[in-house]
Each structure stands twice: as C-alpha cells, then as structure tokens.
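For reference, start10.tsv (TSV, C-alpha atoms):
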chain	number	residue	atom	x	y	z
A	1	MET	CA	-206.14	142.01	-136.98
A	2	ALA	CA	-205.18	144.82	-134.60
A	3	ASP	CA	-205.20	144.55	-130.82
A	4	VAL	CA	-204.81	148.23	-129.96
A	5	PHE	CA	-206.03	151.31	-131.83
A	6	TRP	CA	-204.75	154.82	-131.21
A	7	VAL	CA	-207.21	157.44	-132.45
A	8	GLY	CA	-206.03	161.01	-132.95
A	9	LEU	CA	-208.08	163.98	-134.10
A	10	SER	CA	-206.82	164.85	-137.59
A	11	ALA	CA	-203.88	164.79	-139.93
A	12	VAL	CA	-200.90	167.09	-139.47
A	13	ARG	CA	-198.83	168.93	-142.05
A	14	PHE	CA	-195.78	167.07	-143.36
A	15	GLU	CA	-192.92	168.19	-145.54
A	16	ASP	CA	-192.59	166.62	-148.99
A	17	GLY	CA	-191.13	163.14	-148.76
A	18	GLN	CA	-192.02	162.61	-145.10
A	19	GLU	CA	-193.99	159.62	-143.91
A	20	ARG	CA	-197.66	160.63	-143.83
A	21	LEU	CA	-199.08	157.93	-141.57
A	22	PRO	CA	-201.30	158.98	-138.67
A	23	LEU	CA	-199.42	159.60	-135.43
A	24	SER	CA	-196.10	159.21	-137.23
A	25	PRO	CA	-193.02	158.88	-135.01
A	26	LEU	CA	-191.74	161.97	-136.83
A	27	THR	CA	-194.17	163.94	-134.65
A	28	ALA	CA	-193.72	164.40	-130.91
A	29	SER	CA	-197.04	162.65	-130.17
A	30	GLY	CA	-196.23	159.76	-132.49
A	31	ALA	CA	-192.78	159.37	-130.94
A	32	LEU	CA	-194.32	159.14	-127.46
A	33	ILE	CA	-196.84	156.54	-128.65
A	34	ARG	CA	-194.01	154.54	-130.19
A	35	GLN	CA	-192.20	154.67	-126.83
A	36	ILE	CA	-195.38	153.41	-125.07
A	37	GLU	CA	-195.77	150.54	-127.59
A	38	GLN	CA	-192.13	149.52	-127.77
A	39	PRO	CA	-192.03	146.97	-124.90
A	40	TYR	CA	-195.16	145.28	-126.35
A	41	ASN	CA	-194.37	145.18	-130.08
A	42	SER	CA	-193.82	141.41	-130.08
A	43	LYS	CA	-197.02	140.77	-128.11
A	44	LEU	CA	-199.58	143.18	-129.52
A	45	ARG	CA	-200.54	144.56	-132.92
A	46	PHE	CA	-200.97	148.34	-132.96
A	47	TYR	CA	-202.82	150.57	-135.43
A	48	LYS	CA	-202.82	154.36	-135.58
A	49	THR	CA	-205.56	156.42	-137.17
A	50	ASN	CA	-207.19	159.82	-137.08
A	51	LEU	CA	-210.87	160.54	-136.75
A	52	VAL	CA	-210.60	163.13	-139.55
A	53	LYS	CA	-208.35	161.76	-142.26
A	54	CYS	CA	-207.50	165.01	-143.99
A	55	LEU	CA	-205.74	168.15	-142.86
A	56	PRO	CA	-208.29	170.81	-141.87
A	57	LEU	CA	-207.07	174.22	-143.00
A	58	LYS	CA	-208.29	177.77	-142.86
A	59	ASP	CA	-206.31	180.37	-144.78
A	60	ASP	CA	-203.54	177.76	-145.18
A	61	ARG	CA	-203.29	177.35	-141.38
A	62	ILE	CA	-204.10	174.15	-139.50
A	63	ARG	CA	-207.28	174.36	-137.43
A	64	TYR	CA	-209.34	172.00	-135.30
A	65	PRO	CA	-211.90	170.02	-137.29
A	66	MET	CA	-215.52	171.08	-137.06
A	67	GLU	CA	-218.13	168.65	-135.77
A	68	ARG	CA	-219.65	168.27	-139.24
A	69	GLU	CA	-216.23	167.20	-140.54
A	70	MET	CA	-215.89	164.61	-137.75
A	71	GLU	CA	-219.43	163.45	-138.52
A	72	LYS	CA	-218.66	163.06	-142.21
A	73	CYS	CA	-215.49	161.06	-141.51
A	74	PHE	CA	-216.98	158.85	-138.78
A	75	SER	CA	-217.95	156.14	-141.26
A	76	ASN	CA	-214.23	155.77	-142.07
A	77	PHE	CA	-213.54	155.05	-138.40
A	78	GLU	CA	-216.40	152.55	-138.29
A	79	TRP	CA	-214.93	150.83	-141.35
A	80	GLU	CA	-211.56	150.55	-139.61
A	81	LEU	CA	-213.19	149.07	-136.49
A	82	GLU	CA	-215.10	146.53	-138.52
A	83	ASN	CA	-212.14	145.44	-140.63
A	84	LEU	CA	-209.34	145.51	-138.05
A	85	ARG	CA	-211.38	144.35	-135.02
A	86	PRO	CA	-209.39	145.88	-132.14
A	87	THR	CA	-209.96	144.85	-128.54
A	88	THR	CA	-208.78	148.18	-127.12
A	89	VAL	CA	-209.16	151.70	-128.54
A	90	TYR	CA	-207.32	154.64	-126.98
A	91	LEU	CA	-209.14	157.90	-127.68
A	92	LEU	CA	-206.49	160.62	-127.68
A	93	GLY	CA	-207.76	163.82	-126.15
A	94	LYS	CA	-211.08	165.22	-125.02
A	95	GLN	CA	-212.35	166.21	-128.47
A	96	VAL	CA	-211.87	162.72	-129.96
A	97	ALA	CA	-213.17	160.97	-126.84
A	98	THR	CA	-216.24	163.19	-126.56
A	99	PHE	CA	-217.22	162.78	-130.21
A	100	ILE	CA	-216.68	159.01	-130.47
A	101	LEU	CA	-218.29	158.13	-127.14
A	102	LYS	CA	-221.28	160.34	-127.94
A	103	LYS	CA	-221.71	158.53	-131.27
A	104	LEU	CA	-221.32	155.03	-129.82
A	105	SER	CA	-222.92	155.17	-126.38
A	106	GLY	CA	-223.76	158.64	-125.13
A	107	ASP	CA	-221.09	158.32	-122.41
A	108	LYS	CA	-218.99	161.34	-121.51
A	109	PRO	CA	-215.23	160.96	-121.23
A	110	ILE	CA	-213.39	161.43	-117.97
A	111	LEU	CA	-209.74	162.40	-118.15
A	112	PRO	CA	-208.45	162.18	-114.56
A	113	GLU	CA	-205.47	164.35	-113.70
A	114	ASP	CA	-203.77	161.37	-112.00
A	115	PHE	CA	-204.09	159.31	-115.24
A	116	THR	CA	-206.18	156.55	-113.63
A	117	TYR	CA	-208.02	156.01	-116.89
A	118	ALA	CA	-211.13	153.85	-117.09
A	119	SER	CA	-212.26	151.61	-119.89
A	120	ILE	CA	-215.75	151.92	-121.38
A	121	ARG	CA	-216.91	148.63	-122.91
A	122	ILE	CA	-219.01	148.99	-126.09
A	123	ASN	CA	-219.71	146.05	-128.42
A	124	ASN	CA	-216.84	143.96	-126.98
A	125	ILE	CA	-214.31	146.76	-127.47
A	126	SER	CA	-212.69	148.66	-124.60
A	127	TYR	CA	-212.64	152.40	-125.34
A	128	ILE	CA	-210.22	154.32	-123.15
A	129	PRO	CA	-210.25	158.12	-123.18
A	130	VAL	CA	-206.76	159.43	-122.38
A	131	HIS	CA	-205.03	162.78	-122.47
A	132	HIS	CA	-203.52	163.55	-125.85
A	133	PRO	CA	-199.75	162.91	-125.88
A	134	SER	CA	-199.10	166.50	-126.99
A	135	TYR	CA	-200.89	167.76	-123.85
A	136	ILE	CA	-198.64	165.59	-121.70
A	137	LEU	CA	-195.49	166.68	-123.51
A	138	VAL	CA	-196.33	170.38	-123.18
A	139	TYR	CA	-198.14	170.68	-119.83
A	140	LYS	CA	-197.41	167.52	-117.81
A	141	ARG	CA	-193.90	166.50	-118.83
A	142	LYS	CA	-192.88	165.85	-115.22
A	143	MET	CA	-195.63	163.21	-115.05
A	144	LEU	CA	-194.67	161.47	-118.29
A	145	GLU	CA	-193.65	158.17	-116.66
A	146	GLN	CA	-196.91	158.00	-114.71
A	147	TYR	CA	-198.89	158.67	-117.92
A	148	VAL	CA	-197.05	155.92	-119.82
A	149	ASN	CA	-197.50	153.40	-116.98
A	150	HIS	CA	-201.23	154.04	-116.68
A	151	ILE	CA	-201.74	153.55	-120.40
A	152	GLN	CA	-199.68	150.36	-120.50
A	153	ILE	CA	-201.58	148.90	-117.53
A	154	LEU	CA	-204.73	148.95	-119.68
A	155	PHE	CA	-203.22	147.12	-122.66
A	156	PRO	CA	-205.09	143.89	-123.52
A	157	SER	CA	-204.24	140.95	-121.25
A	158	LYS	CA	-202.28	139.05	-123.89
A	159	SER	CA	-199.62	141.74	-123.58
A	160	ARG	CA	-198.62	140.08	-120.34
A	161	GLY	CA	-198.37	136.65	-121.94
A	162	GLY	CA	-196.60	135.20	-124.94
A	163	LYS	CA	-195.78	136.58	-128.32
A	164	CYS	CA	-198.33	137.61	-130.90
A	165	GLU	CA	-198.70	134.59	-133.19
A	166	ASP	CA	-199.95	136.32	-136.34
A	167	HIS	CA	-196.71	137.57	-137.87
A	168	SER	CA	-198.51	138.73	-141.01
A	169	ALA	CA	-200.65	141.21	-139.03
A	170	SER	CA	-198.57	144.28	-139.80
A	171	HIS	CA	-198.55	143.39	-143.51
A	172	GLN	CA	-202.35	142.94	-143.43
A	173	ILE	CA	-202.80	146.26	-141.65
A	174	THR	CA	-200.50	148.00	-144.14
A	175	SER	CA	-202.52	146.51	-147.00
A	176	LEU	CA	-205.78	147.66	-145.41
A	177	LYS	CA	-204.34	151.15	-144.87
A	178	ARG	CA	-203.46	151.36	-148.55
A	179	LYS	CA	-206.96	150.21	-149.49
A	180	PHE	CA	-208.49	152.60	-146.98
A	181	ASP	CA	-206.37	155.56	-148.00
A	182	GLY	CA	-207.34	155.15	-151.63
A	183	SER	CA	-211.03	154.44	-151.28
A	184	ARG	CA	-212.46	156.21	-148.24
A	185	ASP	CA	-211.58	159.87	-148.45
A	186	CYS	CA	-213.61	162.45	-146.55
A	187	SER	CA	-211.75	165.49	-147.86
A	188	THR	CA	-214.44	166.38	-150.35
A	189	VAL	CA	-216.73	167.64	-147.57
A	190	PHE	CA	-214.56	170.58	-146.58

The structure given in the file should be rewritten as structure tokens.
Amino acid sequence: MADVFWVGLSAVRFEDGQERLPLSPLTASGALIRQIEQPYNSKLRFYKTNLVKCLPLKDDRIRYPMEREMEKCFSNFEWELENLRPTTVYLLGKQVATFILKKLSGDKPILPEDFTYASIRINNISYIPVHHPSYILVYKRKMLEQYVNHIQILFPSKSRGGKCEDHSASHQITSLKRKFDGSRDCSTVF
C-alpha cells in the first residue's frame, strides 16, 4: 500500500490548528522531503512516520527520545510495516537508523559524507540510512542537490516506469493513519 517510507525520530511541536502529520511540509525537513518526492508522486506511494509518535518533552522543552521510549514505540513501527508493506524505507538520521537496524538485523548504519547511500535488505524491504534532512539544511546546504539526487536514485524501480495504478492508495494510507493514530499510542510510557 506504500512504496516508500520516510522514518523520522519523533514528533515536533505544532501551533494550534496546524497539520500534525509526521514530517509535515510545514517543517523544513518535511518541505525538503516533499521536494524529493514531487517528481515521483504519480509513480510511487509515499508514507511518512516517526519512530516515536509523541512529542518527548522535559520541562516543556523538546528533547531527543530515550532508548526506552523508542523501544516502547517500536511495535507501532512494526505495525505500520506489516500493514502498509513498503518496498523501501528511508531511515532519517543516525539515531533512527542505528535503533531500527539494531532491532531488525544488528547492522550498523553508514552515512557517507558523499551521500552514496547503500541499501540493507531485510525481509524483502530495502532499508536505507540517510542523513536527516535538517542536518543537510543546516550543515550541508551547498550539497543539497547531490543529497536529493542520491536519495532519488534509490527509489524503487517502478519510479522509472509508468504511473502508480492504485489511485486509492493515498486514501487507504490516510484511513490507516487515522486508525493508527487512535489505537496505537505510546505516550503513556513517558
């Protein structure tokens, strides 16, 4: 039901009334991901998620999730994999890549500075550790085009062919997100 997953670390803070979807285009990272997807929207189905579904806070300030929080929320990610069956999963940033690859295979992520990313095949899914878009936007902005090109090169092969035939895919994904958002909350562990 989804060809490509983008997996971020955790939720971000939104103002009231703002879209609260993971990797929203209202954020700089989400906007960059949208730019990467844009030429392929008619050929591939994309899905964005976070490893930790809730906003980790300490003294009302956003913080990085702790490993126990990632552990507690991992079953949510497994549920998404099982129900949406992606062929390619981009792991955004070292923390996400390290945790997920350790859980699934014991492999360690490699994030090459020249963006020549490699795919790790696990259970018929290609997992690709990549630099987080925010890292690129802050520290490697001059290399943005190279980053985008290297990610797009690794999109599933049907992105080079015809259009995606399942026009109901985005509706199905939206329905699953609603079901997921209402029934699989990990916030109670914090």

Checklist entry - Separation of atom CA of A:Asn149 and atom CA of A:Lys94, in Å? => result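 It comes out at 19.7 Å.
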
Next on the checklist: With only C-alpha atoms as the counted atoms, please give the residues lying no more than 9 Å from stretch 110-127 of chain A, apart from itself and same-chain residues fewer than 6 positions off, as JSON, numbers by chain.
Outcome noted: {"A": [85, 86, 87, 88, 89, 90, 91, 93, 94, 97, 101, 104, 143, 146, 147, 150, 151, 154]}

Checklist entry - Which of these residues is nearest to A:His132, using all atoms listed in the file: A:Lys102, A:Gln152, A:Val96, A:Val52? => result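 Counting all atoms listed in the file, the residue closest to A:His132 is A:Val96.
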
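Distance annotation: of A:Gly8, A:Pro156, A:Pro109, A:Pro65, the residue with the minimal separation from A:Lys43 is A:Pro156; atom set is only C-alpha atoms.
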
Checklist entry - Of the residues A:Pro22, A:Trp6, A:Gln38, A:Ile33, which is the one nearest to A:Leu137, using only C-alpha atoms? => result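 Residue with the minimum atom-to-atom distance to A:Leu137: A:Ile33.
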
Please report, as lines of an AutoDock Vina configuration file, the centre and edge lengths in Å to one decimal of an axis-aligned box covering all listed atoms of stretch 80-97 of chain A with 5 Å per side.
center_x = -210.8
center_y = 155.3
center_z = -132.8
size_x = 18.6
size_y = 31.9
size_z = 25.6
